file input_37.cif (mmCIF, C-alpha atoms and all ligand atoms)
data_entry
#
loop_
_atom_site.label_atom_id
_atom_site.label_comp_id
_atom_site.auth_asym_id
_atom_site.auth_seq_id
_atom_site.Cartn_x
_atom_site.Cartn_y
_atom_site.Cartn_z
CA MET A 113 22.58 25.80 43.48
CA ASN A 114 20.07 27.41 41.18
CA LYS A 115 17.34 25.18 39.84
CA TYR A 116 18.14 26.25 36.27
CA MET A 117 20.15 28.57 34.05
CA VAL A 118 19.21 30.28 30.82
CA LYS A 119 22.03 30.19 28.27
CA CYS A 120 22.58 31.48 24.75
CA LEU A 121 23.15 28.62 22.33
CA GLN A 122 25.56 30.68 20.24
CA CYS A 123 27.77 32.58 22.66
CA GLY A 124 27.19 30.35 25.67
CA GLU A 125 26.65 33.28 28.00
CA VAL A 126 24.38 32.74 30.98
CA HIS A 127 21.58 35.30 30.95
CA ASP A 128 19.12 36.60 33.46
CA SER A 129 16.58 33.78 33.97
CA TYR A 130 13.77 35.81 32.46
CA SER A 131 15.59 36.94 29.29
CA MET A 132 14.08 36.21 25.91
CA ASN A 133 16.99 37.37 23.75
CA CYS A 134 20.76 37.08 23.86
CA LYS A 135 22.22 40.48 24.62
CA ASN A 136 25.12 39.87 22.20
CA ASN A 137 23.15 38.79 19.14
CA ASP A 138 19.61 37.99 18.21
CA GLU A 139 20.22 35.11 15.86
CA SER A 140 19.99 32.48 18.56
CA LEU A 141 17.50 31.06 20.98
CA LEU A 142 18.29 30.94 24.67
CA ARG A 143 17.83 27.54 26.28
CA THR A 144 17.24 26.35 29.83
CA GLU A 145 19.79 24.14 31.52
CA TYR A 146 18.39 22.35 34.54
CA SER A 147 20.53 21.34 37.47
CA SER A 148 18.56 18.08 37.85
CA LYS A 149 19.85 15.93 35.03
CA GLN A 150 17.43 13.12 35.86
CA LEU A 151 13.77 13.96 35.80
CA VAL A 152 12.00 13.09 39.05
CA LEU A 153 8.25 13.64 39.04
CA SER A 154 6.85 15.85 41.79
CA ASP A 155 3.51 15.50 43.59
CA ASN A 156 2.27 18.79 42.15
CA PRO A 157 -0.96 18.83 40.12
CA GLY A 158 -1.12 18.96 36.31
CA ILE A 159 1.86 20.18 34.34
CA TRP A 160 3.70 20.98 37.59
CA LYS A 161 4.48 17.27 37.94
CA PHE A 162 7.39 18.13 35.66
CA TYR A 163 8.47 20.91 38.02
CA ASP A 164 12.18 19.95 37.89
CA TRP A 165 12.27 20.65 34.16
CA LEU A 166 10.15 23.78 34.08
CA PRO A 167 11.78 27.22 34.42
CA VAL A 168 9.64 28.26 37.36
CA ASN A 169 10.00 28.77 41.09
CA GLY A 170 6.43 28.16 42.17
CA ILE A 171 3.20 26.93 40.65
CA ILE A 172 -0.33 28.06 39.81
CA GLU A 173 -2.34 25.43 41.52
CA GLU A 174 -5.74 26.18 40.06
CA GLY A 175 -6.84 24.90 36.69
CA SER A 176 -3.65 23.34 35.42
CA GLY A 177 -3.88 20.11 33.43
CA LYS A 178 -1.33 18.10 31.53
CA THR A 179 -0.85 15.84 28.53
CA VAL A 180 -2.25 12.33 28.78
CA THR A 181 -0.28 9.63 26.96
CA TYR A 182 -1.69 6.19 26.20
CA LYS A 183 -0.89 3.32 23.88
CA SER A 184 -3.21 3.28 20.88
CA GLU A 185 -5.01 0.08 19.98
CA ALA A 186 -7.68 0.85 17.41
CA PHE A 187 -5.92 3.46 15.29
CA ALA A 188 -2.58 1.65 15.65
CA SER A 189 -3.99 -1.60 14.34
CA GLU A 190 -5.69 0.20 11.45
CA LEU A 191 -2.30 1.49 10.38
CA GLY A 192 -0.50 -1.74 11.26
CA PHE A 193 1.61 -0.35 14.14
CA ASP A 194 2.61 -2.31 17.25
CA ASP A 195 3.98 0.57 19.28
CA LEU A 196 2.01 3.74 18.57
CA TRP A 197 1.40 6.10 21.49
CA ILE A 198 -0.98 9.01 21.56
CA SER A 199 -0.14 12.13 23.54
CA PHE A 200 -3.52 13.72 23.95
CA ASN A 201 -3.80 17.40 24.80
CA GLY A 202 -7.30 18.55 25.62
CA TYR A 203 -10.39 17.50 27.49
CA TRP A 204 -11.28 13.83 27.81
CA PRO A 205 -12.65 12.99 31.24
CA GLU A 206 -12.47 9.19 30.81
CA LYS A 207 -8.73 9.57 30.41
CA GLU A 208 -8.43 12.31 33.03
CA ALA A 209 -7.34 14.78 30.37
CA SER A 210 -8.17 18.28 31.53
CA LEU A 211 -6.52 20.98 29.46
CA MET A 212 -9.58 23.19 29.62
CA THR A 213 -9.03 25.28 26.51
CA CYS A 214 -8.62 22.02 24.61
CA THR A 215 -5.17 22.49 23.10
CA PHE A 216 -1.54 22.21 24.19
CA LYS A 217 -1.33 26.02 24.30
CA ASP A 218 -2.37 25.56 27.94
CA LEU A 219 1.06 24.01 28.47
CA GLU A 220 2.66 27.30 27.39
CA SER A 221 0.34 29.73 29.09
CA PHE A 222 0.63 28.39 32.65
CA PRO A 223 4.46 28.44 32.95
CA THR A 224 4.57 31.82 31.16
CA MET A 225 2.05 33.20 33.63
CA GLN A 226 3.90 31.72 36.60
CA ARG A 227 7.07 33.58 35.54
CA LEU A 228 5.19 36.85 35.21
CA LYS A 229 4.01 36.32 38.78
CA GLU A 230 7.60 35.71 39.90
CA LEU A 231 8.61 39.01 38.33
CA ASP A 232 5.74 40.68 40.13
CA GLU A 233 4.90 41.98 36.69
CA SER A 234 2.50 44.89 36.78
CA ARG A 235 2.80 45.61 33.08
CA ILE A 236 0.03 44.46 30.79
CA MET A 237 0.79 41.30 28.86
CA VAL A 238 0.11 41.56 25.12
CA VAL A 239 -0.82 38.50 23.07
CA ALA A 240 -1.65 38.47 19.36
CA SER A 241 -3.15 35.25 18.11
CA ALA A 242 -5.52 33.74 15.60
CA GLY A 243 -7.15 31.70 18.30
CA ASN A 244 -5.81 28.88 20.43
CA THR A 245 -3.01 30.86 22.07
CA ALA A 246 -5.40 33.71 22.82
CA ARG A 247 -7.90 31.30 24.41
CA ALA A 248 -5.19 29.69 26.55
CA PHE A 249 -3.86 33.02 27.82
CA ALA A 250 -7.38 34.32 28.44
CA ASN A 251 -8.00 31.23 30.56
CA VAL A 252 -4.90 31.52 32.74
CA CYS A 253 -5.24 35.30 33.11
CA SER A 254 -8.85 34.82 34.23
CA ILE A 255 -7.53 32.51 36.93
CA THR A 256 -4.70 34.75 38.13
CA GLY A 257 -6.18 38.18 37.38
CA GLN A 258 -3.15 39.25 35.32
CA PRO A 259 -4.09 42.17 33.03
CA LEU A 260 -4.03 40.94 29.45
CA LEU A 261 -4.44 42.67 26.11
CA LEU A 262 -5.55 40.23 23.42
CA VAL A 263 -5.34 41.39 19.82
CA VAL A 264 -7.11 39.02 17.43
CA PRO A 265 -8.35 39.15 13.86
CA LYS A 266 -12.11 39.67 13.82
CA ALA A 267 -12.61 36.42 11.93
CA SER A 268 -11.07 34.46 14.83
CA LEU A 269 -13.45 35.77 17.48
CA HIS A 270 -15.41 32.50 17.59
CA ARG A 271 -12.35 30.76 19.06
CA LEU A 272 -12.39 32.99 22.12
CA TRP A 273 -14.66 31.08 24.45
CA THR A 274 -13.99 30.41 28.10
CA ILE A 275 -15.29 28.32 30.97
CA GLN A 276 -14.18 30.96 33.49
CA GLU A 277 -16.81 33.17 35.05
CA ASP A 278 -14.72 36.27 35.54
CA SER A 279 -12.54 37.61 32.74
CA SER A 280 -12.47 41.20 33.90
CA SER A 281 -8.67 41.49 33.65
CA ILE A 282 -8.81 40.92 29.89
CA CYS A 283 -9.08 43.58 27.25
CA LEU A 284 -10.02 41.96 23.96
CA VAL A 285 -9.55 43.95 20.78
CA THR A 286 -10.57 42.65 17.38
CA VAL A 287 -8.82 43.85 14.26
CA GLU A 288 -10.57 44.23 10.97
CA GLY A 289 -7.75 42.70 8.96
CA ASP A 290 -5.70 39.52 8.99
CA TYR A 291 -3.44 37.84 11.51
CA PHE A 292 -0.41 39.92 10.45
CA ASP A 293 -2.27 43.13 11.04
CA ALA A 294 -3.06 41.86 14.53
CA ILE A 295 0.57 40.84 15.15
CA ALA A 296 1.92 44.14 13.84
CA LEU A 297 -0.38 46.17 16.05
CA ALA A 298 0.30 44.01 19.10
CA GLY A 299 4.06 44.28 18.49
CA LYS A 300 3.96 48.07 18.46
CA ILE A 301 1.88 48.20 21.62
CA ALA A 302 4.03 45.63 23.44
CA ALA A 303 7.08 47.85 22.81
CA ARG A 304 5.51 50.70 24.80
CA ASP A 305 6.04 51.42 28.46
CA GLY A 306 3.60 49.55 30.63
CA PHE A 307 3.20 46.63 28.23
CA VAL A 308 5.10 43.36 27.92
CA ASN A 309 5.28 40.81 25.12
CA GLU A 310 4.80 37.11 25.92
CA GLY A 311 7.79 36.32 23.68
CA GLY A 312 6.63 33.39 21.53
CA ALA A 313 9.24 30.74 20.69
CA LYS A 314 11.96 32.85 22.36
CA ASN A 315 10.31 32.43 25.74
CA VAL A 316 11.83 29.36 27.43
CA ALA A 317 8.68 28.99 29.53
CA ARG A 318 6.65 28.46 26.38
CA ARG A 319 9.08 25.92 24.93
CA ASP A 320 9.71 24.00 28.13
CA GLY A 321 5.97 23.99 28.80
CA MET A 322 5.32 22.43 25.39
CA ALA A 323 8.22 20.05 26.01
CA THR A 324 6.15 18.41 28.74
CA VAL A 325 4.30 16.57 25.95
CA MET A 326 7.50 14.63 25.29
CA LEU A 327 8.24 14.36 29.02
CA ASP A 328 4.85 12.77 29.60
CA ALA A 329 5.17 10.47 26.59
CA VAL A 330 8.63 9.18 27.49
CA LEU A 331 7.88 8.69 31.17
CA THR A 332 4.64 6.87 30.34
CA SER A 333 6.12 4.54 27.74
CA GLY A 334 9.48 4.20 29.52
CA LYS A 335 11.65 4.96 26.49
CA LEU A 336 12.68 7.51 23.90
CA PHE A 337 10.67 6.99 20.71
CA ASP A 338 11.88 6.35 17.19
CA HIS A 339 9.47 8.96 15.79
CA TYR A 340 7.54 12.03 16.89
CA PHE A 341 4.61 13.41 14.84
CA GLN A 342 3.11 16.88 15.19
CA ALA A 343 1.18 19.50 13.20
CA VAL A 344 3.11 22.76 13.19
CA GLY A 345 2.59 26.42 12.43
CA SER A 346 5.55 28.11 14.09
CA GLY A 347 7.30 24.80 14.71
CA THR A 348 7.90 25.69 18.35
CA GLY A 349 6.41 22.38 19.48
CA GLY A 350 8.92 20.57 17.27
CA ILE A 351 11.83 22.49 18.81
CA SER A 352 10.47 21.69 22.27
CA ALA A 353 10.16 17.97 21.54
CA TRP A 354 13.77 17.94 20.34
CA GLU A 355 14.99 19.82 23.42
CA ALA A 356 13.12 17.45 25.74
CA SER A 357 14.65 14.47 23.92
CA MET A 358 18.17 15.87 24.36
CA ARG A 359 17.52 16.28 28.07
CA PHE A 360 16.38 12.65 28.24
CA ILE A 361 19.55 11.47 26.52
CA GLU A 362 21.52 13.30 29.20
CA ASP A 363 19.22 11.76 31.82
CA GLY A 364 20.51 8.42 30.54
CA ARG A 365 17.64 6.10 31.49
CA PHE A 366 15.56 6.16 28.31
CA GLY A 367 17.90 5.54 25.40
CA SER A 368 20.49 7.45 23.46
CA LYS A 369 18.88 8.14 20.10
CA LEU A 370 16.92 11.29 19.30
CA PRO A 371 13.41 10.66 17.99
CA ARG A 372 13.01 11.65 14.38
CA LEU A 373 10.78 14.71 14.01
CA HIS A 374 7.91 14.38 11.51
CA LEU A 375 6.14 17.72 11.23
CA GLY A 376 3.04 18.40 9.18
CA GLN A 377 1.74 21.58 7.57
CA SER A 378 -1.40 22.50 5.73
CA LEU A 379 -1.54 23.22 1.98
CA PRO A 380 -1.69 25.74 0.42
CA CYS A 381 0.14 27.54 3.26
CA ALA A 382 3.17 25.50 4.26
CA PRO A 383 6.11 27.88 4.87
CA ILE A 384 8.27 25.52 6.96
CA TYR A 385 7.72 22.69 4.50
CA SER A 386 8.75 25.13 1.75
CA LEU A 387 11.92 26.31 3.51
CA TRP A 388 12.99 22.77 4.38
CA ASN A 389 12.38 21.33 0.92
CA ASP A 390 13.34 24.46 -0.99
CA VAL A 391 10.00 24.69 -2.80
CA ASP A 392 7.24 27.28 -2.77
CA LYS A 393 4.08 25.95 -1.15
CA VAL A 394 2.75 29.24 0.18
CA SER A 395 -0.07 30.77 -1.83
CA ALA A 396 -0.44 34.54 -2.01
CA SER A 397 -3.85 34.42 -0.34
CA CYS A 398 -2.73 32.66 2.86
CA PRO A 399 -4.14 31.89 5.35
CA GLU A 400 -7.20 31.42 3.14
CA ASP A 401 -8.14 27.85 2.23
CA MET A 402 -6.18 26.22 5.04
CA TYR A 403 -7.69 23.28 6.89
CA ASP A 404 -7.07 25.22 10.10
CA ASP A 405 -5.70 28.75 9.87
CA VAL A 406 -4.32 28.70 13.45
CA LEU A 407 -1.41 26.89 11.84
CA PHE A 408 -0.31 29.76 9.64
CA ASN A 409 2.77 31.68 10.68
CA ARG A 410 4.59 33.81 8.15
CA LYS A 411 7.77 34.12 10.21
CA PRO A 412 8.46 30.82 11.93
CA PRO A 413 11.62 30.62 14.11
CA TYR A 414 13.34 28.59 11.40
CA GLY A 415 16.90 29.66 10.67
CA LEU A 416 18.10 30.97 14.03
CA THR A 417 20.41 28.85 16.19
CA GLY A 418 18.35 26.26 18.02
CA GLY A 419 15.36 26.86 15.73
CA VAL A 420 13.25 24.56 13.57
CA LYS A 421 15.96 23.98 10.95
CA ASP A 422 18.47 22.84 13.57
CA ALA A 423 15.85 20.59 15.14
CA LEU A 424 15.06 18.95 11.78
CA GLU A 425 18.73 18.55 10.86
CA ASP A 426 19.71 17.09 14.20
CA THR A 427 16.90 14.53 14.19
CA ASN A 428 16.99 13.63 10.49
CA GLY A 429 13.52 15.14 10.38
CA VAL A 430 10.84 15.08 7.71
CA MET A 431 8.28 17.72 6.71
CA TYR A 432 4.86 16.86 5.30
CA ALA A 433 2.43 19.00 3.32
CA VAL A 434 -1.17 17.89 3.73
CA SER A 435 -4.18 18.70 1.55
CA ASN A 436 -7.56 19.52 3.06
CA GLU A 437 -8.99 16.24 1.76
CA GLU A 438 -6.22 14.24 3.44
CA ALA A 439 -6.69 16.17 6.66
CA SER A 440 -10.41 15.70 6.79
CA SER A 441 -10.23 11.99 6.03
CA ALA A 442 -7.45 11.53 8.62
CA GLN A 443 -9.52 13.37 11.22
CA ALA A 444 -12.53 11.14 10.63
CA ARG A 445 -10.43 7.96 10.76
CA PHE A 446 -8.78 8.98 14.01
CA GLU A 447 -12.00 10.10 15.68
CA ASP A 448 -13.81 6.89 14.73
CA ALA A 449 -10.97 4.69 15.88
CA GLU A 450 -10.05 6.43 19.16
CA GLY A 451 -13.48 7.74 20.12
CA ILE A 452 -12.73 11.40 20.79
CA ASP A 453 -13.11 14.54 18.68
CA ILE A 454 -9.87 16.28 17.75
CA ASN A 455 -8.96 19.83 16.85
CA PRO A 456 -8.69 20.32 13.06
CA ALA A 457 -5.03 21.37 13.43
CA ALA A 458 -4.23 18.05 15.10
CA ALA A 459 -5.62 16.22 12.08
CA LEU A 460 -2.58 17.41 10.13
CA ALA A 461 -0.36 15.26 12.34
CA VAL A 462 -2.64 12.28 11.79
CA ALA A 463 -2.51 12.83 8.02
CA SER A 464 1.28 13.09 8.23
CA ILE A 465 1.54 9.69 9.86
CA ILE A 466 -0.57 8.23 7.08
CA GLN A 467 1.76 9.83 4.51
CA ALA A 468 4.78 8.54 6.42
CA VAL A 469 3.47 4.99 6.09
CA GLU A 470 2.91 5.45 2.37
CA GLN A 471 6.36 6.95 1.92
CA GLY A 472 8.06 4.20 3.91
CA ASN A 473 9.42 6.59 6.54
CA VAL A 474 8.20 4.42 9.42
CA ARG A 475 8.07 0.67 9.95
CA SER A 476 5.35 -1.29 11.70
CA GLY A 477 7.49 -2.17 14.72
CA ASP A 478 8.87 1.34 15.29
CA SER A 479 7.96 3.20 18.44
CA ILE A 480 5.98 6.31 17.59
CA VAL A 481 4.43 9.15 19.52
CA LEU A 482 1.64 11.09 17.87
CA ASN A 483 1.05 14.48 19.44
CA ILE A 484 -2.66 15.25 19.33
CA THR A 485 -2.15 18.96 19.94
CA GLY A 486 -5.82 19.66 20.57
CA GLY A 487 -8.97 17.68 21.22
CA GLY A 488 -12.15 17.12 23.14
CA GLN A 489 -13.69 20.51 22.47
CA LYS A 490 -17.00 18.90 21.54
CA ARG A 491 -16.85 16.83 24.72
CA LEU A 492 -16.16 19.93 26.77
CA MET A 493 -18.98 21.90 25.17
CA ALA A 494 -21.34 19.07 26.12
CA ASP A 495 -20.14 18.99 29.74
CA TYR A 496 -19.53 22.69 30.47
CA GLN A 497 -21.25 25.99 30.06
CA THR A 498 -18.91 28.08 27.92
CA ARG A 499 -19.13 31.77 27.31
CA GLN A 500 -17.92 33.91 24.43
CA LEU A 501 -15.45 36.69 25.34
CA ILE A 502 -16.85 40.08 24.38
CA PRO A 503 -14.53 42.50 22.55
CA SER A 504 -13.85 45.77 24.37
CA MET A 505 -13.34 47.43 21.03
CA GLU A 506 -12.90 46.85 17.35
CA VAL A 507 -10.33 48.64 15.20
CA SER A 508 -9.54 48.64 11.53
CA ALA A 509 -6.00 47.80 10.47
CA GLU A 510 -6.29 50.72 8.04
CA ASP A 511 -6.98 53.22 10.80
CA PRO A 512 -3.78 55.24 11.48
CA GLN A 513 -5.07 55.85 15.02
CA ALA A 514 -5.62 52.15 15.75
CA GLU A 515 -2.61 51.76 18.04
CA GLU A 516 -3.46 54.89 20.07
CA LYS A 517 -7.07 53.82 20.41
CA ILE A 518 -6.17 50.36 21.67
CA VAL A 519 -3.72 51.69 24.25
CA GLU A 520 -6.27 54.19 25.52
CA LYS A 521 -8.97 51.55 25.77
CA THR A 522 -6.70 49.07 27.50
CA LEU A 523 -5.59 51.57 30.12
CA GLU A 524 -9.20 52.52 30.71
CA ASN A 525 -10.04 48.84 31.15
CA VAL A 526 -7.14 48.24 33.48
CA GLN A 527 -8.13 51.22 35.61
CA CYS A 528 -11.60 49.72 35.88
CA TRP A 529 -10.02 46.43 36.74
CA ILE A 530 -7.84 47.92 39.49
CA LEU A 531 -10.85 49.76 40.89
CA LEU A 532 -12.86 46.55 40.92
CA THR A 533 -10.07 44.70 42.70
CA LEU A 534 -9.77 47.46 45.28
CA GLN A 535 -13.51 47.44 45.92
CA HIS A 536 -13.40 43.70 46.20
CA THR A 537 -10.59 43.93 48.75
CA GLU A 538 -12.61 46.50 50.71
CA VAL A 539 -15.55 44.10 50.90
CA ILE A 540 -13.31 41.30 52.12
CA LYS A 541 -11.87 43.56 54.83
C1 LIG A 601 -0.49 26.12 17.99
C2 LIG A 601 -1.00 24.81 17.57
C3 LIG A 601 -0.23 23.94 16.77
C4 LIG A 601 1.12 24.30 16.23
O1 LIG A 601 2.05 24.54 17.22
P1 LIG A 601 3.54 25.01 16.96
O2 LIG A 601 3.68 26.28 17.76
O3 LIG A 601 3.75 25.26 15.53
O4 LIG A 601 4.39 23.93 17.48
C5 LIG A 601 -0.75 22.71 16.46
N1 LIG A 601 -1.97 22.33 16.89
C6 LIG A 601 -2.75 23.13 17.65
C7 LIG A 601 -4.08 22.65 18.09
C8 LIG A 601 -2.29 24.39 18.02
O5 LIG A 601 -3.07 25.19 18.76
#

call {"tool": "encode", "arguments": {"input": "input_37.cif", "output": "structure tokens", "more": "lines below"}}
Ligand SMILES: *Cc1c(COP(=O)(O)O)cnc(C)c1O
result
Amino acid sequence: MNKYMVKCLQCGEVHDSYSMNCKNNDESLLRTEYSSKQLVLSDNPGIWKFYDWLPVNGIIEEGSGKTVTYKSEAFASELGFDDLWISFNGYWPEKEASLMTCTFKDLESFPTMQRLKELDESRIMVVASAGNTARAFANVCSITGQPLLLVVPKASLHRLWTIQEDSSSICLVTVEGDYFDAIALAGKIAARDGFVNEGGAKNVARRDGMATVMLDAVLTSGKLFDHYFQAVGSGTGGISAWEASMRFIEDGRFGSKLPRLHLGQSLPCAPIYSLWNDVDKVSASCPEDMYDDVLFNRKPPYGLTGGVKDALEDTNGVMYAVSNEEASSAQARFEDAEGIDINPAAALAVASIIQAVEQGNVRSGDSIVLNITGGGQKRLMADYQTRQLIPSMEVSAEDPQAEEKIVEKTLENVQCWILLTLQHTEVIK
């Protein structure tokens, strides 16, 4: 029997395991169905402990970490909770947390990369990102040597650091323009022969990778939670938490009630909050003035079958909109109480929990998991030598030749890369 199947949620058709879209319609996500209904942990390192519920047939041994879940004492007692659990994603050596790009994007990049390896993919993967996703893919591609084209807004360049020594398979292009310009350019390039898109929320490897946050939390605490808190941009992490919870209900050992999703967004750019509450909290100048602009996504996977809306409806979910003042005060409170620095995006989840208390959405005895989506970057910078990735070229979004120029440069880079690999192989021989 196959380890898993990939099925369309609307038409029910089983698709090729590596599909990202239903061939009959594109208004639905595909979802993985695993043949193991009960999750048994494997002896594999890092995220691969959850091998049974990851859509992979093999692992990347090197460099993979996982979520670390622990029961909060200090922050929990400050808020008056008896059963608050923290799922920490990042670097925190005392807790053996080793996601080395310091966010949960590492949970998406490793399974995605593993599947490219299974396909023996020789095309160049294209990733557009304002930061954390780009850093995570740069990290895994440095480990495996997969050719990668990263298209990032120039203003996000500072987020592209790495601890890897060799990043020669990566072509980094900065775009003079905003995140949408970067996405638009990357989209056009990914549609060309020789290039492949990583797929975003439609890629089951990304969702099931992120779902391991919930897998870790439930296996550590021994039960399904009453509430799940996360900061969202696309909302993909929320969908993943919901999907993991449904699998656990089928598993049967951890309870039968779906955790309620509590998802936080940053004002003044809160598109999912706006859609859900039928208000307009998206300013014209977004992503300007956000607490962390990695959270902005103009086209979240909201209305499609199996998307954010379905996840919120099915779990009786709540959306929160958080001001910069709330976020910064929540970040300081959390860091003081728990003793680790957190990513600014993660502070939105902390602020949401504080709002939830004020709004009476949670009670002191409820079981809660707080997803700290990123943290420990300051710790990592103190312990490791990091290096900034150097752009191969810079284009302007206004330049009509931008797409051509990027393709040319990437192919040039990849040729160099192949040559280098060949030379390297020669030396080994
Ligand atoms: C990407 C990201 C998020 C938001 O993730 P979703 O894709 O919207 O679920 C939250 N926090 C951090 C640190 C991130 O990098």

call {"tool": "residues_near_ligand", "arguments": {"input": "input_37.cif", "ligand": "ligand LIG 601 (chain A)", "cutoff": "10 Å", "atoms": "all atoms listed in the file", "output": "NGL selection string"}}
result
:A and (201-202 or 213-218 or 220 or 241-248 or 312-313 or 318-319 or 322 or 342-353 or 375-377 or 384 or 404-409 or 412-413 or 420 or 454-461 or 483-487)

call {"tool": "write_last_selection", "arguments": {"input": "input_37.cif", "atoms": "C-alpha atoms", "output": "PDB file, in the coordinates of the input"}}
result
ATOM      1  CA  ASN A 201      -3.800  17.400  24.800  1.00  0.00           C
ATOM      2  CA  GLY A 202      -7.300  18.550  25.620  1.00  0.00           C
ATOM      3  CA  THR A 213      -9.030  25.280  26.510  1.00  0.00           C
ATOM      4  CA  CYS A 214      -8.620  22.020  24.610  1.00  0.00           C
ATOM      5  CA  THR A 215      -5.170  22.490  23.100  1.00  0.00           C
ATOM      6  CA  PHE A 216      -1.540  22.210  24.190  1.00  0.00           C
ATOM      7  CA  LYS A 217      -1.330  26.020  24.300  1.00  0.00           C
ATOM      8  CA  ASP A 218      -2.370  25.560  27.940  1.00  0.00           C
ATOM      9  CA  GLU A 220       2.660  27.300  27.390  1.00  0.00           C
ATOM     10  CA  SER A 241      -3.150  35.250  18.110  1.00  0.00           C
ATOM     11  CA  ALA A 242      -5.520  33.740  15.600  1.00  0.00           C
ATOM     12  CA  GLY A 243      -7.150  31.700  18.300  1.00  0.00           C
ATOM     13  CA  ASN A 244      -5.810  28.880  20.430  1.00  0.00           C
ATOM     14  CA  THR A 245      -3.010  30.860  22.070  1.00  0.00           C
ATOM     15  CA  ALA A 246      -5.400  33.710  22.820  1.00  0.00           C
ATOM     16  CA  ARG A 247      -7.900  31.300  24.410  1.00  0.00           C
ATOM     17  CA  ALA A 248      -5.190  29.690  26.550  1.00  0.00           C
ATOM     18  CA  GLY A 312       6.630  33.390  21.530  1.00  0.00           C
ATOM     19  CA  ALA A 313       9.240  30.740  20.690  1.00  0.00           C
ATOM     20  CA  ARG A 318       6.650  28.460  26.380  1.00  0.00           C
ATOM     21  CA  ARG A 319       9.080  25.920  24.930  1.00  0.00           C
ATOM     22  CA  MET A 322       5.320  22.430  25.390  1.00  0.00           C
ATOM     23  CA  GLN A 342       3.110  16.880  15.190  1.00  0.00           C
ATOM     24  CA  ALA A 343       1.180  19.500  13.200  1.00  0.00           C
ATOM     25  CA  VAL A 344       3.110  22.760  13.190  1.00  0.00           C
ATOM     26  CA  GLY A 345       2.590  26.420  12.430  1.00  0.00           C
ATOM     27  CA  SER A 346       5.550  28.110  14.090  1.00  0.00           C
ATOM     28  CA  GLY A 347       7.300  24.800  14.710  1.00  0.00           C
ATOM     29  CA  THR A 348       7.900  25.690  18.350  1.00  0.00           C
ATOM     30  CA  GLY A 349       6.410  22.380  19.480  1.00  0.00           C
ATOM     31  CA  GLY A 350       8.920  20.570  17.270  1.00  0.00           C
ATOM     32  CA  ILE A 351      11.830  22.490  18.810  1.00  0.00           C
ATOM     33  CA  SER A 352      10.470  21.690  22.270  1.00  0.00           C
ATOM     34  CA  ALA A 353      10.160  17.970  21.540  1.00  0.00           C
ATOM     35  CA  LEU A 375       6.140  17.720  11.230  1.00  0.00           C
ATOM     36  CA  GLY A 376       3.040  18.400   9.180  1.00  0.00           C
ATOM     37  CA  GLN A 377       1.740  21.580   7.570  1.00  0.00           C
ATOM     38  CA  ILE A 384       8.270  25.520   6.960  1.00  0.00           C
ATOM     39  CA  ASP A 404      -7.070  25.220  10.100  1.00  0.00           C
ATOM     40  CA  ASP A 405      -5.700  28.750   9.870  1.00  0.00           C
ATOM     41  CA  VAL A 406      -4.320  28.700  13.450  1.00  0.00           C
ATOM     42  CA  LEU A 407      -1.410  26.890  11.840  1.00  0.00           C
ATOM     43  CA  PHE A 408      -0.310  29.760   9.640  1.00  0.00           C
ATOM     44  CA  ASN A 409       2.770  31.680  10.680  1.00  0.00           C
ATOM     45  CA  PRO A 412       8.460  30.820  11.930  1.00  0.00           C
ATOM     46  CA  PRO A 413      11.620  30.620  14.110  1.00  0.00           C
ATOM     47  CA  VAL A 420      13.250  24.560  13.570  1.00  0.00           C
ATOM     48  CA  ILE A 454      -9.870  16.280  17.750  1.00  0.00           C
ATOM     49  CA  ASN A 455      -8.960  19.830  16.850  1.00  0.00           C
ATOM     50  CA  PRO A 456      -8.690  20.320  13.060  1.00  0.00           C
ATOM     51  CA  ALA A 457      -5.030  21.370  13.430  1.00  0.00           C
ATOM     52  CA  ALA A 458      -4.230  18.050  15.100  1.00  0.00           C
ATOM     53  CA  ALA A 459      -5.620  16.220  12.080  1.00  0.00           C
ATOM     54  CA  LEU A 460      -2.580  17.410  10.130  1.00  0.00           C
ATOM     55  CA  ALA A 461      -0.360  15.260  12.340  1.00  0.00           C
ATOM     56  CA  ASN A 483       1.050  14.480  19.440  1.00  0.00           C
ATOM     57  CA  ILE A 484      -2.660  15.250  19.330  1.00  0.00           C
ATOM     58  CA  THR A 485      -2.150  18.960  19.940  1.00  0.00           C
ATOM     59  CA  GLY A 486      -5.820  19.660  20.570  1.00  0.00           C
ATOM     60  CA  GLY A 487      -8.970  17.680  21.220  1.00  0.00           C
TER      61      GLY A 487
END

call {"tool": "atom_distance", "arguments": {"input": "input_37.cif", "atom1": "CA of Gly306 (chain A)", "atom2": "CA of Ile502 (chain A)"}}
result
23.4 Å

call {"tool": "atom_distance", "arguments": {"input": "input_37.cif", "atom1": "CA of Val238 (chain A)", "atom2": "CA of Leu262 (chain A)"}}
result
6.1 Å

call {"tool": "atom_distance", "arguments": {"input": "input_37.cif", "atom1": "CA of Cys120 (chain A)", "atom2": "CA of Leu142 (chain A)"}}
result
4.3 Å

call {"tool": "residues_near_point", "arguments": {"input": "input_37.cif", "point": "(2.6, 29.3, 27.7)", "cutoff": "6 Å", "atoms": "all atoms listed in the file", "output": "list in words"}}
result
Leu219, Glu220, Ser221, Phe222, Pro223, Thr224 and Arg318 of chain A

call {"tool": "closest_atom_pairs", "arguments": {"input": "input_37.cif", "of": "region 148-256 of chain A", "to": "region 508-526 of chain A", "cutoff": "12 Å", "atoms": "only C-alpha atoms", "output": "CSV"}}
result
residue,atom,partner,partner_atom,distance
A:Ser234,CA,A:Val526,CA,10.7
A:Arg235,CA,A:Val526,CA,10.3
A:Ile236,CA,A:Val526,CA,8.5
A:Met237,CA,A:Thr522,CA,10.9
A:Val238,CA,A:Thr522,CA,10.4
